[in-house]
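Dropping query30.cif in here (mmCIF, C-alpha atoms):
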data_target
loop_
_atom_site.label_atom_id
_atom_site.label_comp_id
_atom_site.auth_asym_id
_atom_site.auth_seq_id
_atom_site.Cartn_x
_atom_site.Cartn_y
_atom_site.Cartn_z
CA ILE P 173 17.77 9.19 15.32
CA TYR P 174 17.19 5.94 13.44
CA ALA P 175 13.73 4.79 12.39
CA ASP P 176 13.26 1.07 11.70
CA PRO P 177 16.95 0.26 11.12
CA THR P 178 17.41 -3.01 9.23
CA GLY P 179 19.92 -4.48 6.80
CA GLY P 180 22.52 -5.76 9.26
CA ALA P 181 25.56 -4.17 10.84
CA ASP P 182 27.33 -3.57 7.52
CA ALA P 183 24.62 -1.14 6.42
CA TYR P 184 25.65 1.15 9.32
CA ASN P 185 29.44 0.89 9.06
CA GLY P 186 30.98 4.28 9.73
CA LEU P 187 27.82 5.74 11.25
CA PRO P 188 27.60 6.70 14.92
CA PRO P 189 25.52 4.71 17.37
CA ALA P 190 21.97 5.97 17.63
CA ASP P 191 20.86 8.37 20.34
CA LEU P 192 17.28 7.28 19.67
CA ILE P 193 15.78 4.40 17.72
CA LEU P 194 12.11 4.24 16.77
CA ILE P 195 10.49 0.96 15.71
CA THR P 196 7.09 1.22 14.06
CA HIS P 197 6.10 -2.46 13.95
CA GLU P 198 7.22 -6.06 13.91
CA HIS P 199 7.64 -6.88 10.21
CA GLY P 200 11.18 -7.89 9.24
CA ASP P 201 11.74 -4.88 6.99
CA HIS P 202 11.13 -2.63 10.03
CA PHE P 203 12.26 -4.72 13.01
CA HIS P 204 15.56 -6.62 12.88
CA PRO P 205 17.07 -7.40 16.30
CA GLU P 206 20.59 -8.03 14.95
CA THR P 207 20.66 -4.61 13.29
CA LEU P 208 19.29 -3.00 16.45
CA SER P 209 22.13 -4.52 18.46
CA ALA P 210 24.64 -3.17 15.94
CA VAL P 211 23.42 0.45 16.13
CA MET P 212 22.75 0.61 19.87
CA GLY P 213 25.12 2.66 21.98
CA GLU P 214 25.53 2.84 25.73
CA GLN P 215 23.00 5.67 26.04
CA THR P 216 20.65 4.77 23.16
CA LYS P 217 16.94 5.05 23.89
CA LEU P 218 14.69 2.59 22.06
CA ILE P 219 10.98 3.35 21.51
CA THR P 220 8.71 0.65 20.07
CA ASN P 221 5.08 -0.26 19.87
CA PRO P 222 3.92 -2.74 22.58
CA ALA P 223 3.97 -5.74 20.20
CA VAL P 224 7.64 -5.20 19.33
CA LEU P 225 8.60 -4.67 22.97
CA GLU P 226 7.40 -8.20 23.70
CA LYS P 227 9.56 -9.60 20.85
CA LEU P 228 12.81 -7.89 21.88
CA PRO P 229 15.72 -9.92 23.24
CA GLU P 230 16.20 -9.25 26.97
CA ASP P 231 19.31 -7.07 26.50
CA LEU P 232 17.43 -4.75 24.13
CA LYS P 233 14.22 -4.83 26.16
CA ALA P 234 16.16 -3.36 29.09
CA LYS P 235 16.82 -0.20 27.02
CA ALA P 236 13.35 0.01 25.48
CA SER P 237 10.05 1.70 26.22
CA ALA P 238 6.76 1.05 24.50
CA LEU P 239 4.32 3.68 23.30
CA ALA P 240 0.83 2.60 22.29
CA ASN P 241 -1.25 4.54 19.78
CA GLY P 242 -2.02 7.98 21.18
CA GLU P 243 0.66 7.94 23.87
CA ALA P 244 3.57 10.38 24.07
CA THR P 245 6.85 10.78 25.89
CA ASP P 246 9.67 13.27 26.20
CA ILE P 247 13.35 12.47 25.91
CA GLY P 248 15.17 15.63 26.90
CA ASP P 249 13.83 18.39 24.66
CA LEU P 250 12.43 15.90 22.14
CA LYS P 251 8.71 15.07 22.25
CA ILE P 252 7.61 11.75 20.69
CA GLU P 253 3.95 11.05 19.89
CA ALA P 254 2.79 7.59 18.78
CA ILE P 255 0.38 8.02 15.88
CA PRO P 256 -1.70 5.03 14.74
CA ALA P 257 -0.58 3.24 11.57
CA TYR P 258 -2.94 0.71 9.99
CA ASN P 259 -4.69 -0.52 6.88
CA THR P 260 -8.27 0.44 6.11
CA THR P 261 -8.84 -1.49 2.87
CA GLU P 262 -10.58 -4.75 3.79
CA ASP P 263 -8.18 -7.16 2.06
CA ARG P 264 -5.15 -5.29 3.47
CA LYS P 265 -6.17 -5.19 7.15
CA LYS P 266 -4.28 -8.46 7.70
CA TYR P 267 -0.97 -6.62 7.13
CA HIS P 268 -1.33 -3.81 9.66
CA PRO P 269 -4.36 -4.14 11.93
CA GLN P 270 -5.74 -1.08 13.66
CA GLY P 271 -4.35 -0.51 17.15
CA ARG P 272 -1.06 -2.43 16.82
CA ASP P 273 1.47 -0.37 14.83
CA ASN P 274 2.85 3.13 15.24
CA GLY P 275 3.84 6.10 13.22
CA TYR P 276 5.60 8.85 15.14
CA VAL P 277 5.53 12.65 15.32
CA LEU P 278 8.76 14.08 16.70
CA THR P 279 8.86 17.67 17.89
CA ILE P 280 12.42 18.99 17.87
CA ASP P 281 13.20 22.66 18.48
CA GLY P 282 9.67 23.56 17.44
CA ARG P 283 9.81 21.54 14.19
CA ARG P 284 7.48 18.59 13.72
CA VAL P 285 8.52 15.50 11.80
CA TYR P 286 6.03 12.74 10.93
CA ILE P 287 7.30 9.22 10.21
CA ALA P 288 4.18 7.38 9.08
CA GLY P 289 5.32 3.77 9.39
CA ASP P 290 3.25 1.31 7.33
CA THR P 291 -0.20 2.80 6.99
CA GLU P 292 -2.91 3.79 4.60
CA ASP P 293 -4.56 7.21 4.39
CA ILE P 294 -6.14 7.24 7.86
CA PRO P 295 -8.11 9.92 9.73
CA GLU P 296 -5.33 10.30 12.30
CA MET P 297 -2.90 11.26 9.53
CA ARG P 298 -5.35 13.70 7.97
CA ALA P 299 -5.84 15.36 11.38
CA LEU P 300 -2.14 16.18 11.84
CA LYS P 301 -1.27 19.87 12.11
CA ASP P 302 1.88 21.91 11.62
CA ILE P 303 4.02 19.11 10.16
CA ASP P 304 7.31 20.42 8.78
CA ILE P 305 8.53 17.12 7.30
CA ALA P 306 6.46 14.01 6.55
CA PHE P 307 7.74 10.60 5.46
CA LEU P 308 4.93 8.67 3.71
CA PRO P 309 4.93 5.07 2.44
CA MET P 310 3.27 3.96 -0.76
CA ASN P 311 3.85 0.35 -1.65
CA LEU P 312 0.87 -1.79 -2.51
CA PRO P 313 -0.59 -3.95 -1.20
CA TYR P 314 0.94 -3.17 2.20
CA THR P 315 0.38 0.58 2.56
CA MET P 316 -1.27 3.09 0.25
CA ASP P 317 -1.20 4.02 -3.39
CA ILE P 318 -0.12 7.39 -4.75
CA ASP P 319 -3.75 8.60 -4.93
CA GLN P 320 -4.35 7.92 -1.22
CA ALA P 321 -1.00 9.46 -0.28
CA SER P 322 -1.48 12.63 -2.34
CA SER P 323 -5.04 13.04 -1.04
CA ALA P 324 -3.79 12.80 2.55
CA VAL P 325 -1.05 15.36 1.84
CA ALA P 326 -3.65 17.73 0.41
CA GLU P 327 -5.54 17.43 3.72
CA PHE P 328 -2.79 17.78 6.34
CA LYS P 329 -0.47 19.93 4.21
CA PRO P 330 3.02 19.18 5.51
CA ALA P 331 5.59 21.77 4.47
CA ASN P 332 7.76 18.99 2.99
CA VAL P 333 6.99 15.37 2.14
CA TYR P 334 9.39 12.54 1.36
CA PRO P 335 7.93 9.44 -0.26
CA TYR P 336 9.70 6.45 1.30
CA HIS P 337 9.06 2.72 1.36
CA TYR P 338 7.66 3.15 -2.15
CA GLN P 339 9.16 0.27 -4.13
CA GLY P 340 7.06 -0.25 -7.24
CA SER P 341 5.22 3.09 -6.99
CA ASP P 342 5.54 6.00 -9.41
CA VAL P 343 6.84 8.74 -7.11
CA GLU P 344 7.07 11.22 -9.98
CA ALA P 345 3.32 10.81 -10.50
CA PHE P 346 2.82 11.25 -6.74
CA ALA P 347 4.84 14.50 -6.88
CA ALA P 348 2.70 15.77 -9.76
CA LYS P 349 -0.53 14.97 -7.89
CA VAL P 350 0.73 16.77 -4.77
CA LYS P 351 1.80 19.80 -6.84
CA GLU P 352 -1.74 20.01 -8.19
CA ALA P 353 -3.63 19.31 -4.93
CA ALA P 354 -1.29 20.95 -2.39
CA PRO P 355 1.10 23.31 -4.20
CA GLU P 356 2.37 24.68 -0.86
CA THR P 357 3.90 21.26 -0.04
CA ASN P 358 7.42 20.61 -1.27
CA VAL P 359 7.91 17.01 -2.48
CA ILE P 360 11.46 15.73 -2.00
CA LEU P 361 12.40 12.61 -3.93
CA GLY P 362 15.24 10.73 -2.30
CA LYS P 363 17.11 7.75 -3.71
CA TRP P 364 15.84 5.03 -1.35
CA TYR P 365 16.55 2.07 -3.64
CA ASP P 366 19.67 1.15 -5.62
#
Can I see the file as structure tokens?
Amino acid sequence: IYADPTGGADAYNGLPPADLILITHEHGDHFHPETLSAVMGEQTKLITNPAVLEKLPEDLKAKASALANGEATDIGDLKIEAIPAYNTTEDRKKYHPQGRDNGYVLTIDGRRVYIAGDTEDIPEMRALKDIDIAFLPMNLPYTMDIDQASSAVAEFKPANVYPYHYQGSDVEAFAAKVKEAAPETNVILGKWYD
């Protein structure tokens, strides 16, 4: 499963073609048609939001399905729910308007994985239940700051949270805030940037 693959074909050398690709929205650091073509296999399923579906080249569109906010689909034993992803701060709404972009909750063998996409701390995130793994962005001005992200984590209490798409944010400070506000949540700091 690849979420928002970008970076060109070379970034995926040696990796298998995707079984499933999820695209959250149309910005170039999330949607790159050339990279999509490179990671697609014969049987790859592609799930996008409706805006991206309209921007796909015809060969990719033939393998794609769109999910709007609140919609869901099953692919075999995998359930995919499209969760809204948007900005709430007035001067940031131009980046990710409400109703356009997706996050996704995947349910796999009873485990629930939340990939937030580009979003701020929204009610739909806070309302999530039984999330085993959450991937949350925090890169201003496009998504949320560490205070918003840690406050959301304290509300929906995923078992594990990975900060991602965080360039310029202090993820160690985020981890400390989560430890204080939601000690039951394990913060996993990956090396997302070289």
Convert the output of the PyMOL selection byres ((chain P and resi 308) around 6) on the shown file into explicit residues, formatted as a VMD selection string. chain P and resid 288 307 309 335 to 336
For the point (22.4, 3.7, 22.4) in file coordinates, what residues are within 10 Å, counting only C-alpha atoms? Give the answer as a PyMOL selection string? chain P and resi 188-193+208-218+232+235
Restricting the calculation to all atoms listed in the file, which member of P:Tyr365, P:Tyr286, P:Tyr258, P:Tyr314 is positioned closest to P:Gln339? P:Tyr365
Which neighbours of P:Ala353 fall inside 10 Å, counting all atoms listed in the file, when residues of the same chain fewer than 2 positions from it are skipped, and could you give them as a PyMOL selection string? chain P and resi 322-327+329+347-351+355-357
What is the distance between atom CA of P:Ile252 and atom CA of P:Gln270, in Å to one decimal? 19.8 Å
Find the spatial neighbours of P:Asp182, counting only C-alpha atoms, within a cut-off of 12 Å - ignore same-chain residues fewer than 2 positions away - and output them as number ranges by chain. P: 177-180, 184-187, 206-207, 210-211
Select, from P:Lys233, P:Val277, P:Asp304, P:Thr315, the residue with the minimum atom-to-atom distance to P:Thr291, counting only C-alpha atoms.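 Distance minimum relative to P:Thr291 lands on P:Thr315.
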Within 10 Å of stretch 222-225 of chain P, counting all atoms listed in the file, which residues qualify if same-chain residues fewer than 5 places away don't, as a list in words?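 Contacts, in chain order: Ile195, Thr196, His197, Glu198, His199, Phe203, Glu230, Leu232, Lys233, Ala234, Ala236, Ser237, Ala238, Leu239, Ala240, Asn241, Arg272, Asp273 and Asn274 of chain P.
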Of the candidates P:Asp281, P:Glu226, P:Asp231, P:Glu253, which shows the shortest atom-to-atom distance to P:Leu194, using only C-alpha atoms?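 With only C-alpha atoms as the atom set, the closest residue is P:Glu253.
Note that the spacing between atom CA of P:Gly200 and atom CA of P:Ile305 amounts to 25.2 Å.
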What separates atom CA of P:Asp249 and atom CA of P:Pro295 is a distance of 27.9 Å
Counting all atoms listed in the file, what is within 8 Å of P:Ile318, bar same-chain residues fewer than 6 positions away, as a PyMOL selection string? chain P and resi 310+341-343+345-346
Between P:Ile173, P:Ala183, P:Ala321, P:Ile219, which one has atoms that come closest to P:Ala354, using all atoms listed in the file?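 Among P:Ile173, P:Ala183, P:Ala321, P:Ile219, it is P:Ala321 that comes nearest to P:Ala354.
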Since the input has fewer atoms than a full residue there, write stretch 227-253 of chain P out with N, CA and C atoms, as a JSON list (two decimals), in the coordinates of the input.
[["chain", "number", "residue", "atom", "x", "y", "z"],
["P", 227, "LYS", "N", 8.71, -8.76, 21.71],
["P", 227, "LYS", "CA", 9.56, -9.60, 20.85],
["P", 227, "LYS", "C", 11.05, -9.30, 20.99],
["P", 228, "LEU", "N", 11.40, -8.28, 21.74],
["P", 228, "LEU", "CA", 12.81, -7.89, 21.88],
["P", 228, "LEU", "C", 13.58, -8.90, 22.72],
["P", 229, "PRO", "N", 14.85, -9.16, 22.35],
["P", 229, "PRO", "CA", 15.72, -9.92, 23.24],
["P", 229, "PRO", "C", 15.88, -9.15, 24.55],
["P", 230, "GLU", "N", 16.16, -9.86, 25.64],
["P", 230, "GLU", "CA", 16.20, -9.25, 26.97],
["P", 230, "GLU", "C", 17.17, -8.07, 27.06],
["P", 231, "ASP", "N", 18.35, -8.17, 26.40],
["P", 231, "ASP", "CA", 19.31, -7.07, 26.50],
["P", 231, "ASP", "C", 18.79, -5.80, 25.85],
["P", 232, "LEU", "N", 18.02, -5.93, 24.77],
["P", 232, "LEU", "CA", 17.43, -4.75, 24.13],
["P", 232, "LEU", "C", 16.20, -4.26, 24.89],
["P", 233, "LYS", "N", 15.43, -5.19, 25.41],
["P", 233, "LYS", "CA", 14.22, -4.83, 26.16],
["P", 233, "LYS", "C", 14.57, -3.94, 27.35],
["P", 234, "ALA", "N", 15.74, -4.15, 27.94],
["P", 234, "ALA", "CA", 16.16, -3.36, 29.09],
["P", 234, "ALA", "C", 16.36, -1.89, 28.74],
["P", 235, "LYS", "N", 16.61, -1.59, 27.46],
["P", 235, "LYS", "CA", 16.82, -0.20, 27.02],
["P", 235, "LYS", "C", 15.59, 0.39, 26.34],
["P", 236, "ALA", "N", 14.50, -0.38, 26.29],
["P", 236, "ALA", "CA", 13.35, 0.01, 25.48],
["P", 236, "ALA", "C", 12.17, 0.47, 26.32],
["P", 237, "SER", "N", 11.35, 1.29, 25.68],
["P", 237, "SER", "CA", 10.05, 1.70, 26.22],
["P", 237, "SER", "C", 9.03, 1.55, 25.12],
["P", 238, "ALA", "N", 7.83, 1.17, 25.49],
["P", 238, "ALA", "CA", 6.76, 1.05, 24.50],
["P", 238, "ALA", "C", 5.82, 2.24, 24.59],
["P", 239, "LEU", "N", 5.38, 2.68, 23.41],
["P", 239, "LEU", "CA", 4.32, 3.68, 23.30],
["P", 239, "LEU", "C", 3.20, 3.05, 22.50],
["P", 240, "ALA", "N", 2.00, 3.05, 23.03],
["P", 240, "ALA", "CA", 0.83, 2.60, 22.29],
["P", 240, "ALA", "C", 0.26, 3.79, 21.51],
["P", 241, "ASN", "N", -0.59, 3.49, 20.56],
["P", 241, "ASN", "CA", -1.25, 4.54, 19.78],
["P", 241, "ASN", "C", -1.82, 5.61, 20.70],
["P", 242, "GLY", "N", -1.49, 6.86, 20.41],
["P", 242, "GLY", "CA", -2.02, 7.98, 21.18],
["P", 242, "GLY", "C", -1.18, 8.38, 22.37],
["P", 243, "GLU", "N", -0.19, 7.58, 22.74],
["P", 243, "GLU", "CA", 0.66, 7.94, 23.87],
["P", 243, "GLU", "C", 1.82, 8.82, 23.42],
["P", 244, "ALA", "N", 2.45, 9.48, 24.37],
["P", 244, "ALA", "CA", 3.57, 10.38, 24.07],
["P", 244, "ALA", "C", 4.58, 10.31, 25.21],
["P", 245, "THR", "N", 5.80, 10.70, 24.90],
["P", 245, "THR", "CA", 6.85, 10.78, 25.89],
["P", 245, "THR", "C", 7.82, 11.87, 25.50],
["P", 246, "ASP", "N", 8.61, 12.30, 26.46],
["P", 246, "ASP", "CA", 9.67, 13.27, 26.20],
["P", 246, "ASP", "C", 11.01, 12.62, 26.51],
["P", 247, "ILE", "N", 11.97, 12.87, 25.65],
["P", 247, "ILE", "CA", 13.35, 12.47, 25.91],
["P", 247, "ILE", "C", 14.16, 13.75, 25.78],
["P", 248, "GLY", "N", 14.54, 14.31, 26.91],
["P", 248, "GLY", "CA", 15.17, 15.63, 26.90],
["P", 248, "GLY", "C", 14.21, 16.63, 26.31],
["P", 249, "ASP", "N", 14.67, 17.38, 25.31],
["P", 249, "ASP", "CA", 13.83, 18.39, 24.66],
["P", 249, "ASP", "C", 13.02, 17.84, 23.49],
["P", 250, "LEU", "N", 13.11, 16.55, 23.26],
["P", 250, "LEU", "CA", 12.43, 15.90, 22.14],
["P", 250, "LEU", "C", 11.11, 15.30, 22.62],
["P", 251, "LYS", "N", 10.01, 15.67, 21.95],
["P", 251, "LYS", "CA", 8.71, 15.07, 22.25],
["P", 251, "LYS", "C", 8.42, 14.03, 21.18],
["P", 252, "ILE", "N", 7.95, 12.85, 21.61],
["P", 252, "ILE", "CA", 7.61, 11.75, 20.69],
["P", 252, "ILE", "C", 6.15, 11.39, 20.92],
["P", 253, "GLU", "N", 5.36, 11.45, 19.84],
["P", 253, "GLU", "CA", 3.95, 11.05, 19.89],
["P", 253, "GLU", "C", 3.77, 9.82, 19.02]]
